[in-house]
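Participant: Coordinates in start12.tsv, TSV, C-alpha atoms, are listed below.
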```tsv
chain	number	residue	atom	x	y	z
A	12	MET	CA	6.44	-2.81	24.88
A	13	PHE	CA	3.94	-5.58	25.50
A	14	LEU	CA	3.88	-6.59	21.88
A	15	GLU	CA	7.64	-6.54	21.65
A	16	LYS	CA	7.74	-8.92	24.58
A	17	ILE	CA	5.23	-11.30	22.97
A	18	LEU	CA	6.94	-11.16	19.60
A	19	SER	CA	10.39	-11.78	20.94
A	20	ILE	CA	9.69	-14.77	23.14
A	21	GLY	CA	11.52	-17.39	21.16
A	22	LYS	CA	13.90	-17.97	18.32
A	23	LYS	CA	11.11	-18.87	15.89
A	24	GLU	CA	9.22	-15.66	16.65
A	25	GLN	CA	12.36	-13.62	16.17
A	26	GLU	CA	13.03	-15.31	12.85
A	27	VAL	CA	9.51	-14.57	11.70
A	28	THR	CA	9.60	-10.90	12.68
A	29	SER	CA	13.02	-10.49	11.14
A	30	ASN	CA	11.78	-12.06	7.87
A	31	MET	CA	8.66	-9.92	7.93
A	32	ARG	CA	10.88	-6.85	8.25
A	33	LYS	CA	13.03	-8.14	5.38
A	34	HIS	CA	9.89	-8.68	3.29
A	35	ILE	CA	8.67	-5.11	3.82
A	36	LYS	CA	12.14	-3.63	3.27
A	37	SER	CA	12.35	-5.55	0.03
A	38	LEU	CA	8.95	-4.13	-0.94
A	39	CYS	CA	10.29	-0.62	-0.32
A	40	SER	CA	13.37	-1.31	-2.48
A	41	THR	CA	11.15	-2.73	-5.22
A	42	CYS	CA	8.93	0.37	-5.18
A	43	ASP	CA	12.03	2.61	-5.30
A	44	LEU	CA	13.49	0.65	-8.20
A	45	PHE	CA	10.18	0.73	-10.04
A	46	ARG	CA	10.09	4.49	-9.70
A	47	THR	CA	13.69	4.88	-10.92
A	48	ALA	CA	13.07	2.55	-13.86
A	49	LEU	CA	9.94	4.49	-14.81
A	50	GLU	CA	11.72	7.86	-14.54
A	51	LYS	CA	14.67	6.70	-16.64
A	52	HIS	CA	12.56	4.55	-18.97
A	53	ASP	CA	15.01	1.76	-18.14
A	54	ARG	CA	13.45	-1.49	-19.39
A	55	ASN	CA	16.34	-3.65	-18.12
A	56	LEU	CA	15.93	-2.31	-14.61
A	57	MET	CA	12.19	-3.03	-14.91
A	58	ARG	CA	12.96	-6.65	-15.82
A	59	ASN	CA	15.09	-6.99	-12.66
A	60	LEU	CA	12.00	-6.30	-10.58
A	61	ILE	CA	10.56	-9.64	-11.64
A	62	ASP	CA	13.42	-11.37	-9.76
A	63	LEU	CA	12.58	-9.38	-6.64
A	64	GLU	CA	9.02	-10.73	-6.82
A	65	ARG	CA	10.42	-14.29	-6.87
A	66	GLU	CA	12.57	-13.51	-3.82
A	67	SER	CA	9.51	-12.17	-2.08
A	68	ASP	CA	7.66	-15.44	-2.76
A	69	SER	CA	10.45	-17.35	-1.10
A	70	THR	CA	10.47	-15.01	1.92
A	71	ARG	CA	6.68	-15.41	2.22
A	72	ARG	CA	7.01	-19.22	2.16
A	73	GLU	CA	9.70	-19.08	4.84
A	74	ILE	CA	7.56	-16.89	7.10
A	75	ILE	CA	4.41	-18.97	6.67
A	76	SER	CA	6.28	-22.24	7.33
A	77	LYS	CA	7.87	-20.85	10.48
A	78	ILE	CA	4.48	-19.70	11.72
A	79	HIS	CA	3.02	-23.16	11.04
A	80	GLU	CA	5.98	-24.75	12.80
A	81	GLY	CA	4.65	-23.12	15.93
A	82	ALA	CA	5.86	-19.54	16.10
A	83	PHE	CA	3.49	-17.31	18.08
A	84	LEU	CA	0.34	-18.14	19.97
A	85	PRO	CA	-2.23	-19.98	17.82
A	86	TYR	CA	-4.81	-17.18	17.92
A	87	LEU	CA	-2.30	-14.79	16.34
A	88	ARG	CA	-1.21	-17.05	13.50
A	89	PRO	CA	-4.10	-16.53	11.03
A	90	ASP	CA	-3.81	-12.72	11.26
A	91	LEU	CA	-0.02	-12.81	10.85
A	92	CYS	CA	-0.31	-15.16	7.85
A	93	ARG	CA	-2.99	-12.97	6.28
A	94	PHE	CA	-0.78	-9.91	6.76
A	95	VAL	CA	2.15	-11.61	5.04
A	96	GLU	CA	-0.13	-12.68	2.17
A	97	ILE	CA	-1.31	-9.11	1.68
A	98	VAL	CA	2.28	-7.83	1.56
A	99	ASP	CA	3.07	-10.52	-0.98
A	100	HIS	CA	0.06	-9.47	-3.02
A	101	VAL	CA	1.66	-6.03	-3.41
A	102	PHE	CA	4.67	-7.74	-5.01
A	103	ASP	CA	2.34	-9.63	-7.36
A	104	VAL	CA	0.60	-6.45	-8.45
A	105	LEU	CA	3.96	-4.72	-8.89
A	106	GLU	CA	5.16	-7.58	-11.07
A	107	ASP	CA	2.02	-7.45	-13.22
A	108	THR	CA	2.46	-3.69	-13.57
A	109	VAL	CA	6.07	-4.22	-14.71
A	110	LEU	CA	4.88	-6.74	-17.32
A	111	TYR	CA	2.24	-4.33	-18.63
A	112	TYR	CA	4.92	-1.63	-18.82
A	113	LEU	CA	7.22	-3.92	-20.80
A	114	ASP	CA	4.36	-4.96	-23.11
A	115	GLY	CA	3.08	-1.53	-23.91
A	116	LYS	CA	4.09	2.10	-24.17
A	117	ILE	CA	3.07	4.88	-21.81
A	118	PRO	CA	1.71	7.87	-23.72
A	119	GLU	CA	3.62	11.13	-23.14
A	120	GLN	CA	0.44	12.86	-21.89
A	121	ILE	CA	0.29	10.71	-18.76
A	122	LYS	CA	3.96	9.88	-18.18
A	123	ASN	CA	4.56	12.53	-15.50
A	124	GLU	CA	1.48	11.56	-13.52
A	125	CYS	CA	2.51	7.89	-13.65
A	126	ILE	CA	5.97	8.83	-12.31
A	127	ARG	CA	4.25	10.85	-9.59
A	128	VAL	CA	2.21	7.80	-8.53
A	129	ALA	CA	5.37	5.67	-8.47
A	130	TYR	CA	7.02	8.33	-6.26
A	131	LEU	CA	4.07	8.32	-3.85
A	132	ASN	CA	4.08	4.51	-3.83
A	133	SER	CA	7.69	4.68	-2.55
A	134	LYS	CA	6.65	7.13	0.14
A	135	ILE	CA	3.65	5.07	1.29
A	136	CYS	CA	5.91	2.03	1.48
A	137	GLU	CA	8.42	3.93	3.63
A	138	MET	CA	5.55	4.89	5.96
A	139	PHE	CA	4.35	1.28	5.99
A	140	LEU	CA	7.76	0.12	7.23
A	141	ILE	CA	7.66	2.78	9.97
A	142	THR	CA	4.19	1.51	10.95
A	143	PHE	CA	5.41	-2.08	11.11
A	144	GLU	CA	8.35	-1.09	13.34
A	145	ALA	CA	5.96	0.85	15.58
A	146	MET	CA	3.71	-2.22	15.87
A	147	LEU	CA	6.66	-4.31	17.02
A	148	LYS	CA	7.29	-1.76	19.75
A	149	GLY	CA	3.59	-1.87	20.70
A	150	ASP	CA	3.13	1.83	19.89
A	151	ASP	CA	-0.19	3.39	18.98
A	152	LEU	CA	-0.56	3.15	15.19
A	153	ARG	CA	-3.30	5.74	14.76
A	154	GLU	CA	-1.06	8.52	13.43
A	155	LYS	CA	0.95	6.15	11.25
A	156	THR	CA	-2.08	4.64	9.53
A	157	LEU	CA	-3.50	8.12	9.02
A	158	ALA	CA	-0.29	9.11	7.16
A	159	ILE	CA	-0.70	6.03	4.97
A	160	ARG	CA	-4.29	7.02	4.21
A	161	ILE	CA	-3.16	10.55	3.28
A	162	TYR	CA	-0.72	9.18	0.69
A	163	GLU	CA	-3.38	6.78	-0.55
A	164	LYS	CA	-5.87	9.59	-1.00
A	165	LYS	CA	-3.31	11.56	-3.02
A	166	ILE	CA	-2.78	8.57	-5.30
A	167	ASP	CA	-6.54	8.08	-5.60
A	168	ASP	CA	-6.95	11.68	-6.78
A	169	ILE	CA	-4.29	11.13	-9.45
A	170	LYS	CA	-5.95	7.85	-10.44
A	171	PHE	CA	-9.23	9.60	-11.29
A	172	SER	CA	-7.44	12.26	-13.29
A	173	LEU	CA	-5.45	9.55	-15.13
A	174	ILE	CA	-8.65	7.68	-15.97
A	175	ARG	CA	-10.13	10.93	-17.31
A	176	ASP	CA	-6.99	11.60	-19.33
A	177	ILE	CA	-6.74	8.19	-20.95
A	178	HIS	CA	-10.23	8.63	-22.40
A	179	LYS	CA	-8.75	11.31	-24.63
A	180	ILE	CA	-5.79	9.24	-25.84
A	181	PRO	CA	-6.27	7.62	-29.24
A	182	ILE	CA	-5.84	3.85	-29.07
A	183	SER	CA	-5.07	1.83	-32.21
A	184	ASN	CA	-6.35	-1.55	-31.07
A	185	PHE	CA	-8.08	-3.35	-28.21
A	186	TRP	CA	-4.91	-4.83	-26.67
A	187	GLU	CA	-3.05	-1.52	-26.64
A	188	GLY	CA	-5.94	0.00	-24.68
A	189	LYS	CA	-6.27	-2.97	-22.36
A	190	ILE	CA	-2.56	-3.04	-21.52
A	191	LEU	CA	-2.55	0.69	-20.80
A	192	SER	CA	-5.66	0.43	-18.66
A	193	ASP	CA	-4.25	-2.56	-16.75
A	194	PHE	CA	-0.94	-0.74	-16.24
A	195	ILE	CA	-2.73	2.22	-14.66
A	196	SER	CA	-4.91	-0.06	-12.53
A	197	GLY	CA	-1.84	-1.90	-11.24
A	198	LEU	CA	0.15	1.25	-10.60
A	199	THR	CA	-2.66	2.88	-8.64
A	200	ASN	CA	-3.75	-0.28	-6.78
A	201	ILE	CA	-0.42	-0.75	-5.01
A	202	SER	CA	-1.25	1.93	-2.45
A	203	ASP	CA	-4.72	0.44	-1.92
A	204	ILE	CA	-3.23	-2.91	-0.94
A	205	ILE	CA	-0.60	-1.30	1.29
A	206	GLU	CA	-3.43	0.54	3.02
A	207	ASP	CA	-5.20	-2.81	3.54
A	208	ALA	CA	-1.99	-4.27	4.97
A	209	SER	CA	-1.63	-1.33	7.35
A	210	ASP	CA	-5.23	-1.87	8.51
A	211	TYR	CA	-4.24	-5.44	9.26
A	212	LEU	CA	-1.29	-4.22	11.32
A	213	GLN	CA	-3.76	-2.16	13.30
A	214	ILE	CA	-5.94	-5.27	13.84
A	215	ILE	CA	-2.94	-7.30	15.02
A	216	ASN	CA	-1.88	-4.45	17.29
A	217	VAL	CA	-5.33	-4.13	18.84
A	218	SER	CA	-5.78	-7.87	19.28
A	219	MET	CA	-2.61	-7.91	21.39
A	220	LYS	CA	-3.90	-5.39	23.88
B	1	MET	CA	9.51	17.66	4.63
B	2	LYS	CA	9.84	19.27	1.20
B	3	LEU	CA	6.95	20.66	-0.81
B	4	GLN	CA	7.66	18.34	-3.72
B	5	GLU	CA	6.48	15.41	-1.62
B	6	LEU	CA	3.02	16.86	-1.23
B	7	MET	CA	2.44	19.03	-4.25
B	8	THR	CA	-0.22	18.22	-6.81
B	9	THR	CA	1.42	17.97	-10.19
B	10	LYS	CA	-1.74	17.98	-12.25
B	11	ILE	CA	-2.43	21.67	-12.76
B	12	GLU	CA	-5.77	22.69	-14.15
B	13	SER	CA	-5.73	25.94	-16.08
B	14	VAL	CA	-7.92	28.33	-18.01
B	15	ASP	CA	-7.05	30.88	-20.69
B	16	ALA	CA	-7.22	34.48	-19.55
B	17	ASP	CA	-9.57	35.48	-22.37
B	18	LYS	CA	-12.18	32.85	-21.46
B	19	SER	CA	-15.28	33.84	-19.54
B	20	VAL	CA	-15.64	33.40	-15.79
B	21	TYR	CA	-18.46	30.98	-16.64
B	22	ASP	CA	-15.93	28.70	-18.40
B	23	ALA	CA	-13.75	28.79	-15.29
B	24	VAL	CA	-16.70	27.97	-13.01
B	25	GLU	CA	-17.68	25.08	-15.24
B	26	LYS	CA	-14.18	23.61	-15.04
B	27	MET	CA	-13.85	24.12	-11.29
B	28	VAL	CA	-17.20	22.50	-10.52
B	29	ASP	CA	-16.54	19.67	-12.95
B	30	ARG	CA	-13.11	18.91	-11.49
B	31	ARG	CA	-14.10	19.78	-7.91
B	32	ILE	CA	-11.25	22.25	-7.45
B	33	ARG	CA	-11.15	25.68	-5.90
B	34	ALA	CA	-8.64	27.44	-8.13
B	35	LEU	CA	-7.30	27.49	-11.67
B	36	LEU	CA	-4.03	28.68	-13.11
B	37	VAL	CA	-4.69	31.47	-15.59
B	38	ARG	CA	-2.67	31.39	-18.81
B	39	PHE	CA	-2.17	34.71	-20.54
B	40	SER	CA	-1.58	34.71	-24.27
B	41	GLY	CA	0.89	36.78	-26.28
B	42	LYS	CA	4.07	38.20	-24.86
B	43	ASP	CA	2.94	38.13	-21.24
B	44	PRO	CA	5.00	35.40	-19.60
B	45	HIS	CA	3.31	35.65	-16.21
B	46	HIS	CA	0.57	33.38	-15.02
B	47	GLY	CA	-2.32	34.33	-12.81
B	48	ILE	CA	-4.71	32.53	-10.54
B	49	ILE	CA	-8.48	32.57	-10.23
B	50	THR	CA	-10.09	31.16	-7.11
B	51	ALA	CA	-13.64	30.31	-6.05
B	52	ARG	CA	-13.36	33.26	-3.66
B	53	ASP	CA	-12.60	35.67	-6.54
B	54	ILE	CA	-15.57	34.38	-8.50
B	55	VAL	CA	-18.04	34.50	-5.63
B	56	PHE	CA	-16.98	37.88	-4.22
B	57	LYS	CA	-16.07	39.75	-7.39
B	58	VAL	CA	-18.76	38.45	-9.73
B	59	LEU	CA	-21.62	36.48	-8.19
B	60	ALA	CA	-22.07	38.53	-5.00
B	61	LYS	CA	-22.20	41.69	-7.10
B	62	GLY	CA	-24.91	40.26	-9.31
B	63	LEU	CA	-22.70	40.31	-12.42
B	64	SER	CA	-23.03	37.76	-15.18
B	65	PRO	CA	-20.12	35.27	-15.24
B	66	LYS	CA	-20.62	34.90	-18.99
B	67	LYS	CA	-19.91	38.58	-19.58
B	68	ILE	CA	-16.75	38.85	-17.50
B	69	LYS	CA	-13.38	37.59	-18.64
B	70	VAL	CA	-11.12	35.57	-16.40
B	71	SER	CA	-8.35	38.16	-16.89
B	72	GLU	CA	-10.54	40.85	-15.28
B	73	ILE	CA	-10.66	39.17	-11.88
B	74	ALA	CA	-7.54	36.96	-11.83
B	75	SER	CA	-4.72	37.74	-9.40
B	76	LYS	CA	-1.30	38.17	-10.91
B	77	PRO	CA	1.57	37.26	-10.66
B	78	VAL	CA	1.21	33.98	-8.78
B	79	VAL	CA	3.21	33.16	-5.66
B	80	CYS	CA	5.90	30.58	-6.44
B	81	PHE	CA	7.97	28.35	-4.14
B	82	ASP	CA	10.91	26.14	-4.88
B	83	LYS	CA	10.14	22.40	-4.77
B	84	ASP	CA	12.75	21.98	-2.01
B	85	THR	CA	11.10	24.53	0.30
B	86	ASP	CA	10.30	23.11	3.72
B	87	ILE	CA	6.57	22.90	4.47
B	88	ASN	CA	6.89	24.91	7.70
B	89	GLU	CA	8.61	27.71	5.82
B	90	ALA	CA	5.91	27.56	3.13
B	91	ALA	CA	3.18	27.68	5.79
B	92	SER	CA	4.66	30.77	7.35
B	93	LEU	CA	5.05	32.51	3.96
B	94	MET	CA	1.47	31.64	3.03
B	95	GLU	CA	0.30	33.05	6.35
B	96	LYS	CA	2.21	36.30	5.74
B	97	LYS	CA	0.86	36.62	2.20
B	98	LYS	CA	-2.61	35.47	3.31
B	99	ILE	CA	-2.93	32.94	0.52
B	100	ALA	CA	-4.47	29.47	0.53
B	101	ARG	CA	-2.38	28.02	-2.30
B	102	ALA	CA	0.91	28.61	-4.06
B	103	PHE	CA	2.62	27.19	-7.10
B	104	ILE	CA	5.82	25.19	-7.19
B	105	CYS	CA	8.12	26.53	-9.88
B	106	GLU	CA	11.32	25.44	-11.57
B	107	GLY	CA	12.60	28.59	-13.22
B	108	GLU	CA	9.73	29.90	-15.31
B	109	LYS	CA	8.01	26.53	-15.38
B	110	ILE	CA	5.21	25.68	-12.95
B	111	ILE	CA	5.52	22.05	-11.87
B	112	GLY	CA	2.97	21.79	-9.07
B	113	VAL	CA	0.57	23.46	-6.71
B	114	ILE	CA	0.34	23.30	-2.95
B	115	SER	CA	-2.66	24.19	-0.82
B	116	LEU	CA	-3.29	24.60	2.90
B	117	ILE	CA	-4.83	21.12	3.06
B	118	ASP	CA	-1.57	19.70	1.62
B	119	ILE	CA	0.40	21.56	4.31
B	120	MET	CA	-1.87	20.06	6.99
B	121	ALA	CA	-1.43	16.60	5.47
B	122	GLY	CA	2.33	17.13	5.47
B	123	ALA	CA	2.29	18.12	9.14
B	124	LEU	CA	0.43	14.89	9.99
B	125	ILE	CA	2.86	12.77	7.99
B	126	MET	CA	5.81	14.41	9.77
B	127	ARG	CA	4.24	13.64	13.15
B	128	ALA	CA	3.70	10.03	12.09
B	129	LYS	CA	7.34	9.66	11.06
B	130	ARG	CA	8.61	10.75	14.48
```
Now that the file is in, can you turn its structure into structure tokens?
Facilitator:
Amino acid sequence: MFLEKILSIGKKEQEVTSNMRKHIKSLCSTCDLFRTALEKHDRNLMRNLIDLERESDSTRREIISKIHEGAFLPYLRPDLCRFVEIVDHVFDVLEDTVLYYLDGKIPEQIKNECIRVAYLNSKICEMFLITFEAMLKGDDLREKTLAIRIYEKKIDDIKFSLIRDIHKIPISNFWEGKILSDFISGLTNISDIIEDASDYLQIINVSMK
Amino acid sequence: MKLQELMTTKIESVDADKSVYDAVEKMVDRRIRALLVRFSGKDPHHGIITARDIVFKVLAKGLSPKKIKVSEIASKPVVCFDKDTDINEAASLMEKKKIARAFICEGEKIIGVISLIDIMAGALIMRAKR
């Protein structure tokens, strides 16, 4: 409860935490939409995700400005800003992955595994939101971050099998191969960055105690 | 929590008429402990070959893995669960059947595999969500 007390001192702090929550919820919706678009091969829905990345940029700017206006104690500000930047980086990687998807074509041999990664990305994001809420309450995050690492490990395992599989796929030119490789890197890096963000939550949580 | 959340969808398999040596090679290469066994011809059922089968039924008896076919030591049919099965229910069924992994099936089609480590991971995730 200590953290909740610190974080809810003033109006500015409340605005920041509420925007941070909005930012993470928007990340969860984006991951869900990405998964649906990939499952349905819906290119229009994929394009909509680019707008969500722009919205995320604006939320990030709002949060950072509020922090610099004086929300929270000074020693907390750099860690909070860094956390918000990491979350925003997930949006950037998601956007790049969408662009690679729109530029190329996913071979049938790896389609199901890519959908599986997108599904697990949604799940890790859901867990990330739970972890953030727990941090606001000042709860111990050990079990939450472990759950995030479990999902991340699952995605890592799929990543290695995807890399092995794409070696066997015939590629007609350099760019086709590069786009496919970048798409897989983006898709499988999302969980890595969310894991980094959750580690940051842990750091913020510990530094409060 | 449902099994589909934790299952591994990449299923490594070996043909039933291959040698146990081929199976060992694949398992060591992929760092996995079991392979789905695909039978050819009219037999629609799949089997499973595990590291335990290979060690106890072949290596410990001093037999040559190159001379024994996968079909000779594979267990059949495989245990299948629905993807919507709850992990606690799956854990209790696996305990009753004394198995370390089961397949997730949709009709005749195998869509995933679940192992005890996945069940443990699922239990931890459920705790974290509380």
Participant: Neighbours of stretch 78-84 of chain B within 12 Å (all atoms listed in the file; same-chain residues fewer than 4 positions away dropped), as a ChimeraX atom specification?
Facilitator: /B:1-9,34-38,44-50,74,88-91,93-94,96-115
Participant: Could you write those residues out with C-alpha atoms, as a PDB file, keeping the file's coordinate frame?
Facilitator:
```
ATOM      1  CA  MET B   1       9.510  17.660   4.630  1.00  0.00           C
ATOM      2  CA  LYS B   2       9.840  19.270   1.200  1.00  0.00           C
ATOM      3  CA  LEU B   3       6.950  20.660  -0.810  1.00  0.00           C
ATOM      4  CA  GLN B   4       7.660  18.340  -3.720  1.00  0.00           C
ATOM      5  CA  GLU B   5       6.480  15.410  -1.620  1.00  0.00           C
ATOM      6  CA  LEU B   6       3.020  16.860  -1.230  1.00  0.00           C
ATOM      7  CA  MET B   7       2.440  19.030  -4.250  1.00  0.00           C
ATOM      8  CA  THR B   8      -0.220  18.220  -6.810  1.00  0.00           C
ATOM      9  CA  THR B   9       1.420  17.970 -10.190  1.00  0.00           C
ATOM     10  CA  ALA B  34      -8.640  27.440  -8.130  1.00  0.00           C
ATOM     11  CA  LEU B  35      -7.300  27.490 -11.670  1.00  0.00           C
ATOM     12  CA  LEU B  36      -4.030  28.680 -13.110  1.00  0.00           C
ATOM     13  CA  VAL B  37      -4.690  31.470 -15.590  1.00  0.00           C
ATOM     14  CA  ARG B  38      -2.670  31.390 -18.810  1.00  0.00           C
ATOM     15  CA  PRO B  44       5.000  35.400 -19.600  1.00  0.00           C
ATOM     16  CA  HIS B  45       3.310  35.650 -16.210  1.00  0.00           C
ATOM     17  CA  HIS B  46       0.570  33.380 -15.020  1.00  0.00           C
ATOM     18  CA  GLY B  47      -2.320  34.330 -12.810  1.00  0.00           C
ATOM     19  CA  ILE B  48      -4.710  32.530 -10.540  1.00  0.00           C
ATOM     20  CA  ILE B  49      -8.480  32.570 -10.230  1.00  0.00           C
ATOM     21  CA  THR B  50     -10.090  31.160  -7.110  1.00  0.00           C
ATOM     22  CA  ALA B  74      -7.540  36.960 -11.830  1.00  0.00           C
ATOM     23  CA  ASN B  88       6.890  24.910   7.700  1.00  0.00           C
ATOM     24  CA  GLU B  89       8.610  27.710   5.820  1.00  0.00           C
ATOM     25  CA  ALA B  90       5.910  27.560   3.130  1.00  0.00           C
ATOM     26  CA  ALA B  91       3.180  27.680   5.790  1.00  0.00           C
ATOM     27  CA  LEU B  93       5.050  32.510   3.960  1.00  0.00           C
ATOM     28  CA  MET B  94       1.470  31.640   3.030  1.00  0.00           C
ATOM     29  CA  LYS B  96       2.210  36.300   5.740  1.00  0.00           C
ATOM     30  CA  LYS B  97       0.860  36.620   2.200  1.00  0.00           C
ATOM     31  CA  LYS B  98      -2.610  35.470   3.310  1.00  0.00           C
ATOM     32  CA  ILE B  99      -2.930  32.940   0.520  1.00  0.00           C
ATOM     33  CA  ALA B 100      -4.470  29.470   0.530  1.00  0.00           C
ATOM     34  CA  ARG B 101      -2.380  28.020  -2.300  1.00  0.00           C
ATOM     35  CA  ALA B 102       0.910  28.610  -4.060  1.00  0.00           C
ATOM     36  CA  PHE B 103       2.620  27.190  -7.100  1.00  0.00           C
ATOM     37  CA  ILE B 104       5.820  25.190  -7.190  1.00  0.00           C
ATOM     38  CA  CYS B 105       8.120  26.530  -9.880  1.00  0.00           C
ATOM     39  CA  GLU B 106      11.320  25.440 -11.570  1.00  0.00           C
ATOM     40  CA  GLY B 107      12.600  28.590 -13.220  1.00  0.00           C
ATOM     41  CA  GLU B 108       9.730  29.900 -15.310  1.00  0.00           C
ATOM     42  CA  LYS B 109       8.010  26.530 -15.380  1.00  0.00           C
ATOM     43  CA  ILE B 110       5.210  25.680 -12.950  1.00  0.00           C
ATOM     44  CA  ILE B 111       5.520  22.050 -11.870  1.00  0.00           C
ATOM     45  CA  GLY B 112       2.970  21.790  -9.070  1.00  0.00           C
ATOM     46  CA  VAL B 113       0.570  23.460  -6.710  1.00  0.00           C
ATOM     47  CA  ILE B 114       0.340  23.300  -2.950  1.00  0.00           C
ATOM     48  CA  SER B 115      -2.660  24.190  -0.820  1.00  0.00           C
TER      49      SER B 115
END
```
Participant: May I have the residues at most 8 Å from (-13.2, 27.3, -13.2) in the file's coordinates, counting all atoms listed in the file, as an MDAnalysis selection string?
Facilitator: chainID B and resid 14 20:28 32:35 49:51
Participant: Between atom CA of A:Arg65 and atom CA of A:Asn132, what is the spacing in Å?
Facilitator: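 So the two atoms, atom CA of A:Asn132 and atom CA of A:Arg65, lie 20.1 Å apart.
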Participant: With only C-alpha atoms as the basis for distance, which of A:Arg93, A:His52, A:Arg88, A:Arg175 is at the shortest distance from chain B?
Facilitator: A:Arg175
Participant: When the cut-off is 6 Å and we count all atoms listed in the file, which residues of chain A are near chain B, given as a PyMOL selection string?
Facilitator: chain A and resi 154-155+158
Participant: To one decimal place in Å, what is the distance between atom CA of B:Lys57 and atom CA of B:Ser19?
Facilitator: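 Result for atom CA of B:Lys57 versus atom CA of B:Ser19: 13.5 Å, one decimal.
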Participant: Which residue gives the smallest distance to A:Thr70 among A:Val101, A:Ile215, A:Met31, A:Leu44, with all atoms listed in the file counted?
Facilitator: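 Using all atoms listed in the file, A:Thr70 sits closest to A:Met31.
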Participant: Identify the residues around (14.6, -4.3, -16.2) within a radius of 12 Å, measuring from all atoms listed in the file in the coordinates stated by the file, and give them as a list of chain:residue names.
Facilitator: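 Those within range, by chain then number, are A:Thr41, A:Leu44, A:Phe45, A:Arg46, A:Thr47, A:Ala48, A:Leu49, A:Lys51, A:His52, A:Asp53, A:Arg54, A:Asn55, A:Leu56, A:Met57, A:Arg58, A:Asn59, A:Leu60, A:Ile61, A:Asp62, A:Leu63, A:Glu106, A:Val109, A:Leu110, A:Tyr112, A:Leu113.
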Participant: To one decimal in Å, tell me the separation between atom CA of A:Leu87 and atom CA of A:Leu105.
Facilitator: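 Here the two named atoms are 27.9 Å from each other.
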Participant: A:Val104: which residues within 7 Å, counting all atoms listed in the file, same-chain residues fewer than 3 positions away excluded, as an MDAnalysis selection string?
Facilitator: chainID A and resid 100:101 107:108 197 201
Participant: I need the chosen residues saved as a PDB file, keeping the file's coordinate frame, with C-alpha atoms.
Facilitator:
```
ATOM      1  CA  HIS A 100       0.060  -9.470  -3.020  1.00  0.00           C
ATOM      2  CA  VAL A 101       1.660  -6.030  -3.410  1.00  0.00           C
ATOM      3  CA  ASP A 107       2.020  -7.450 -13.220  1.00  0.00           C
ATOM      4  CA  THR A 108       2.460  -3.690 -13.570  1.00  0.00           C
ATOM      5  CA  GLY A 197      -1.840  -1.900 -11.240  1.00  0.00           C
ATOM      6  CA  ILE A 201      -0.420  -0.750  -5.010  1.00  0.00           C
TER       7      ILE A 201
END
```
Participant: Compile the contact shell of A:Arg32 as number ranges by chain: residues with an atom at most 8 Å away, counting all atoms listed in the file, same-chain residues fewer than 4 positions apart removed.
Facilitator: A: 28, 36, 140, 143
Participant: Once you add 4 Å to each side, what are the centre and edge lengths of the axis-aligned box holding all listed atoms of stretch 140-152 of chain A? One decimal in Å, as lines of an AutoDock Vina configuration file, if you can.
Facilitator:
```
center_x = 3.9
center_y = -0.5
center_z = 14.0
size_x = 16.9
size_y = 15.7
size_z = 21.5
```
